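Participant: Before we start, here is the structure in question, set down as structure tokens.
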Amino acid sequence: MGKLDDKKKQKRDSLLMAAFALFTQKGINDTSISDIAKKANMAKGTFYLYFKDKFDIRDKLIADKARQVFSKALEEMNDVKLDTLEDHVIFMFNSIVNQLDQNKNLLRFISKNLSWGVFQKALLLENQEDGDNFYKRYYLLLDQSGRMFRNPDLMLYMIMELVNSTCHSVILQQQPVTLEELKPELVGAICDIIHRQEIR
């Protein structure tokens, strides 16, 4: 990467960091493009060199944050020996839940704004330069399991939505149970989704 490219990346990253700080403090609706540019110590016009509007930066930010979370989960999964498809999927989502439990601002931001399209884009682009991403790994695991599934994308979507919706209140308010009480129930529900999708 040349100096010019490096400088552009730094500016883009500064805008993303400023937007994340403001979105998590004030909310997206109460944050203006001027607020983001000011916090990043840039002119408002500079913002438009990198993003179309605040919803564009929001989507890029969600994709970026989701990519980081899934990348870390993949790294952790590389360090353990897991046998079944269920073991891999549960390990992956357990890692993600633990990361969100440790960063509640990130949970608030992602869970409010994560759509399937943004999520899918984040997973497809993750670690693109070295050819690895969660989506590829997921399909590789399905293939290695030797099992057939009716709709793998739907299966992943249902698991993601289950984890996202149930963990939000549990992590932020410990309602209706604690995270440790929820986890065994999540494991059972994830296994049920996988088994229901399997073609036998």
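So you can find residues: chains in the structure tokens are A, B, ... in the order shown, residues in each start at 1, and ligands are numbered from 1 in order.
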Could you pull out the residues in region 67-108 of chain A that DSSP calls helix (DSSP H, G or I) from the backbone, as number ranges by chain?
Facilitator: A: 67-78, 85-102, 104-108
Participant: Atoms to include: N, CA and C atoms. Write the selected residues as a compact mmCIF listing (two decimals), in the first residue's frame.
Facilitator:
```txt
# COMPACT_ATOMS: atom_id res chain seq x y z
N ARG A 67 -17.46 -8.15 10.68
CA ARG A 67 -16.30 -8.85 10.12
C ARG A 67 -15.24 -9.10 11.20
N GLN A 68 -14.99 -8.09 12.03
CA GLN A 68 -14.00 -8.23 13.10
C GLN A 68 -14.41 -9.32 14.10
N VAL A 69 -15.70 -9.31 14.46
CA VAL A 69 -16.21 -10.29 15.41
C VAL A 69 -16.08 -11.70 14.85
N PHE A 70 -16.48 -11.89 13.59
CA PHE A 70 -16.42 -13.22 12.98
C PHE A 70 -14.97 -13.65 12.72
N SER A 71 -14.10 -12.70 12.39
CA SER A 71 -12.68 -13.03 12.18
C SER A 71 -12.07 -13.58 13.46
N LYS A 72 -12.37 -12.91 14.58
CA LYS A 72 -11.83 -13.37 15.86
C LYS A 72 -12.38 -14.76 16.21
N ALA A 73 -13.66 -14.97 15.95
CA ALA A 73 -14.26 -16.28 16.22
C ALA A 73 -13.61 -17.37 15.37
N LEU A 74 -13.32 -17.05 14.09
CA LEU A 74 -12.65 -18.02 13.21
C LEU A 74 -11.26 -18.34 13.72
N GLU A 75 -10.53 -17.31 14.16
CA GLU A 75 -9.18 -17.53 14.71
C GLU A 75 -9.24 -18.46 15.91
N GLU A 76 -10.20 -18.21 16.80
CA GLU A 76 -10.34 -19.05 17.99
C GLU A 76 -10.69 -20.49 17.60
N MET A 77 -11.52 -20.63 16.57
CA MET A 77 -11.94 -21.97 16.14
C MET A 77 -10.76 -22.75 15.56
N ASN A 78 -9.80 -22.04 14.97
CA ASN A 78 -8.62 -22.70 14.40
C ASN A 78 -7.76 -23.36 15.47
N LEU A 85 -20.49 -30.91 12.93
CA LEU A 85 -20.96 -29.63 12.42
C LEU A 85 -21.56 -28.81 13.56
N GLU A 86 -22.37 -29.47 14.39
CA GLU A 86 -22.99 -28.77 15.52
C GLU A 86 -21.92 -28.17 16.44
N ASP A 87 -20.85 -28.93 16.71
CA ASP A 87 -19.77 -28.42 17.57
C ASP A 87 -19.17 -27.14 16.99
N HIS A 88 -18.94 -27.13 15.68
CA HIS A 88 -18.35 -25.96 15.03
C HIS A 88 -19.27 -24.75 15.10
N VAL A 89 -20.54 -24.95 14.76
CA VAL A 89 -21.50 -23.84 14.74
C VAL A 89 -21.69 -23.28 16.15
N ILE A 90 -21.82 -24.16 17.13
CA ILE A 90 -22.01 -23.73 18.52
C ILE A 90 -20.78 -22.99 19.02
N PHE A 91 -19.59 -23.51 18.70
CA PHE A 91 -18.36 -22.84 19.12
C PHE A 91 -18.29 -21.43 18.54
N MET A 92 -18.60 -21.32 17.24
CA MET A 92 -18.56 -20.03 16.55
C MET A 92 -19.49 -19.02 17.22
N PHE A 93 -20.74 -19.42 17.43
CA PHE A 93 -21.70 -18.47 17.99
C PHE A 93 -21.43 -18.20 19.47
N ASN A 94 -20.87 -19.16 20.18
CA ASN A 94 -20.49 -18.94 21.57
C ASN A 94 -19.39 -17.88 21.65
N SER A 95 -18.43 -17.96 20.75
CA SER A 95 -17.36 -16.96 20.69
C SER A 95 -17.92 -15.57 20.41
N ILE A 96 -18.87 -15.50 19.47
CA ILE A 96 -19.49 -14.22 19.11
C ILE A 96 -20.25 -13.64 20.30
N VAL A 97 -21.03 -14.48 20.98
CA VAL A 97 -21.81 -14.04 22.15
C VAL A 97 -20.86 -13.52 23.24
N ASN A 98 -19.77 -14.22 23.47
CA ASN A 98 -18.81 -13.79 24.50
C ASN A 98 -18.19 -12.43 24.14
N GLN A 99 -17.88 -12.23 22.85
CA GLN A 99 -17.33 -10.95 22.42
C GLN A 99 -18.33 -9.82 22.64
N LEU A 100 -19.60 -10.07 22.32
CA LEU A 100 -20.63 -9.04 22.48
C LEU A 100 -20.91 -8.78 23.95
N ASP A 101 -20.78 -9.81 24.78
CA ASP A 101 -20.96 -9.63 26.22
C ASP A 101 -19.85 -8.73 26.79
N GLN A 102 -18.65 -8.83 26.21
CA GLN A 102 -17.53 -8.00 26.67
C GLN A 102 -17.56 -6.59 26.09
N LYS A 104 -20.53 -4.23 25.21
CA LYS A 104 -21.98 -4.00 25.15
C LYS A 104 -22.37 -2.88 24.19
N ASN A 105 -21.50 -1.88 24.01
CA ASN A 105 -21.77 -0.84 23.02
C ASN A 105 -21.87 -1.44 21.61
N LEU A 106 -20.97 -2.37 21.34
CA LEU A 106 -20.98 -3.04 20.04
C LEU A 106 -22.27 -3.85 19.87
N LEU A 107 -22.69 -4.54 20.93
CA LEU A 107 -23.95 -5.30 20.89
C LEU A 107 -25.12 -4.38 20.59
N ARG A 108 -25.20 -3.25 21.31
CA ARG A 108 -26.31 -2.30 21.09
C ARG A 108 -26.34 -1.84 19.64
```
Participant: Would you mind listing what lies within 7 Å of region 51-61 of chain A as a PDB file with N, CA, C and O atoms, in the first residue's frame, with only C-alpha atoms counted and same-chain residues fewer than 4 positions away left out?
Facilitator:
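Below is the file result.pdb, written as the result:
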```
ATOM      1  N   LEU A  16     -14.915   6.266  10.373  1.00  0.00           N
ATOM      2  CA  LEU A  16     -15.643   5.113  10.918  1.00  0.00           C
ATOM      3  C   LEU A  16     -15.609   5.116  12.446  1.00  0.00           C
ATOM      4  O   LEU A  16     -16.633   4.881  13.098  1.00  0.00           O
ATOM      5  N   ILE A  33     -23.907  14.346   9.733  1.00  0.00           N
ATOM      6  CA  ILE A  33     -22.638  14.168   9.017  1.00  0.00           C
ATOM      7  C   ILE A  33     -21.623  15.195   9.513  1.00  0.00           C
ATOM      8  O   ILE A  33     -20.440  14.890   9.673  1.00  0.00           O
ATOM      9  N   PHE A  47     -15.966  13.856   4.182  1.00  0.00           N
ATOM     10  CA  PHE A  47     -16.848  12.714   4.462  1.00  0.00           C
ATOM     11  C   PHE A  47     -17.367  12.118   3.162  1.00  0.00           C
ATOM     12  O   PHE A  47     -17.390  10.891   2.991  1.00  0.00           O
ATOM     13  N   LYS A  65     -17.544  -4.031  11.716  1.00  0.00           N
ATOM     14  CA  LYS A  65     -17.570  -4.565  13.089  1.00  0.00           C
ATOM     15  C   LYS A  65     -17.946  -6.047  13.089  1.00  0.00           C
ATOM     16  O   LYS A  65     -17.351  -6.846  13.814  1.00  0.00           O
ATOM     17  N   VAL A 118     -26.536  -6.797   5.081  1.00  0.00           N
ATOM     18  CA  VAL A 118     -25.279  -6.248   5.605  1.00  0.00           C
ATOM     19  C   VAL A 118     -24.440  -7.370   6.214  1.00  0.00           C
ATOM     20  O   VAL A 118     -23.231  -7.464   6.011  1.00  0.00           O
TER      21      VAL A 118
END
```
Participant: Using only C-alpha atoms, find the one residue out of A:Pro152, A:Leu140, A:Gln173, A:Phe23 that sits nearest to Ile62 (chain A).
Facilitator: A:Phe23
Participant: Quick one: residues within 10 Å of Arg200 (chain A), only C-alpha atoms, excluding same-chain residues fewer than 2 positions away - as a list in words?
Facilitator: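 Contacts, with the query itself left out: Arg147, Met148, Phe149, His195, Arg196, Gln197 and Glu198 of chain A.
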Participant: Generate the output file for the selected residues, N, CA and C atoms, as a short mmCIF file (atom, residue, chain, number, x, y, z; two decimals), in the first residue's frame.
Facilitator:
```cif
data_model
loop_
_atom_site.label_atom_id
_atom_site.label_comp_id
_atom_site.auth_asym_id
_atom_site.auth_seq_id
_atom_site.Cartn_x
_atom_site.Cartn_y
_atom_site.Cartn_z
N ARG A 147 -23.43 -34.34 5.18
CA ARG A 147 -24.88 -34.27 5.34
C ARG A 147 -25.46 -33.26 4.35
N MET A 148 -26.74 -33.41 4.05
CA MET A 148 -27.42 -32.51 3.12
C MET A 148 -28.45 -31.68 3.88
N PHE A 149 -28.56 -30.40 3.47
CA PHE A 149 -29.49 -29.49 4.14
C PHE A 149 -30.36 -28.80 3.10
N HIS A 195 -30.97 -29.77 12.81
CA HIS A 195 -31.61 -31.07 12.57
C HIS A 195 -32.86 -30.93 11.72
N ARG A 196 -33.62 -29.85 11.94
CA ARG A 196 -34.84 -29.63 11.15
C ARG A 196 -34.53 -29.34 9.67
N GLN A 197 -33.37 -28.74 9.43
CA GLN A 197 -32.98 -28.40 8.06
C GLN A 197 -32.34 -29.58 7.33
N GLU A 198 -31.92 -30.59 8.09
CA GLU A 198 -31.21 -31.72 7.47
C GLU A 198 -32.15 -32.59 6.64
#
```
Participant: If you count only C-alpha atoms, which residues fall within 9 Å of Leu182 (chain A), apart from same-chain ones fewer than 6 positions away, as a PDB file with N, CA, C and O atoms, in the first residue's frame?
Facilitator:
```
ATOM      1  N   THR A 166     -32.199 -13.247  21.172  1.00  0.00           N
ATOM      2  CA  THR A 166     -32.257 -13.739  22.552  1.00  0.00           C
ATOM      3  C   THR A 166     -31.151 -13.155  23.422  1.00  0.00           C
ATOM      4  O   THR A 166     -31.366 -12.912  24.605  1.00  0.00           O
ATOM      5  N   CYS A 167     -29.992 -12.910  22.835  1.00  0.00           N
ATOM      6  CA  CYS A 167     -28.858 -12.431  23.643  1.00  0.00           C
ATOM      7  C   CYS A 167     -28.955 -10.950  23.995  1.00  0.00           C
ATOM      8  O   CYS A 167     -28.390 -10.513  24.988  1.00  0.00           O
ATOM      9  N   VAL A 170     -30.745 -10.420  27.353  1.00  0.00           N
ATOM     10  CA  VAL A 170     -30.037 -11.206  28.372  1.00  0.00           C
ATOM     11  C   VAL A 170     -28.704 -10.553  28.730  1.00  0.00           C
ATOM     12  O   VAL A 170     -28.361 -10.413  29.903  1.00  0.00           O
TER      13      VAL A 170
END
```
Participant: Interatomic distance between CA of Ala21 (chain A) and CA of Ser165 (chain A)?
Facilitator: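 Going from CA of Ala21 (chain A) over to CA of Ser165 (chain A) covers 23.1 Å.
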Participant: Just the residues within 10 Å of Leu156 (chain A), please, counting only C-alpha atoms, with nothing from its chain fewer than 6 positions along; format it as a ChimeraX atom specification.
Facilitator: /A:89,135,138,162,190,193-194
Participant: Do you have the CA of Lys7 (chain A)-CA of Gly45 (chain A) distance handy?
Facilitator: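 Value for the CA of Lys7 (chain A)-CA of Gly45 (chain A) distance: 16.4 Å.
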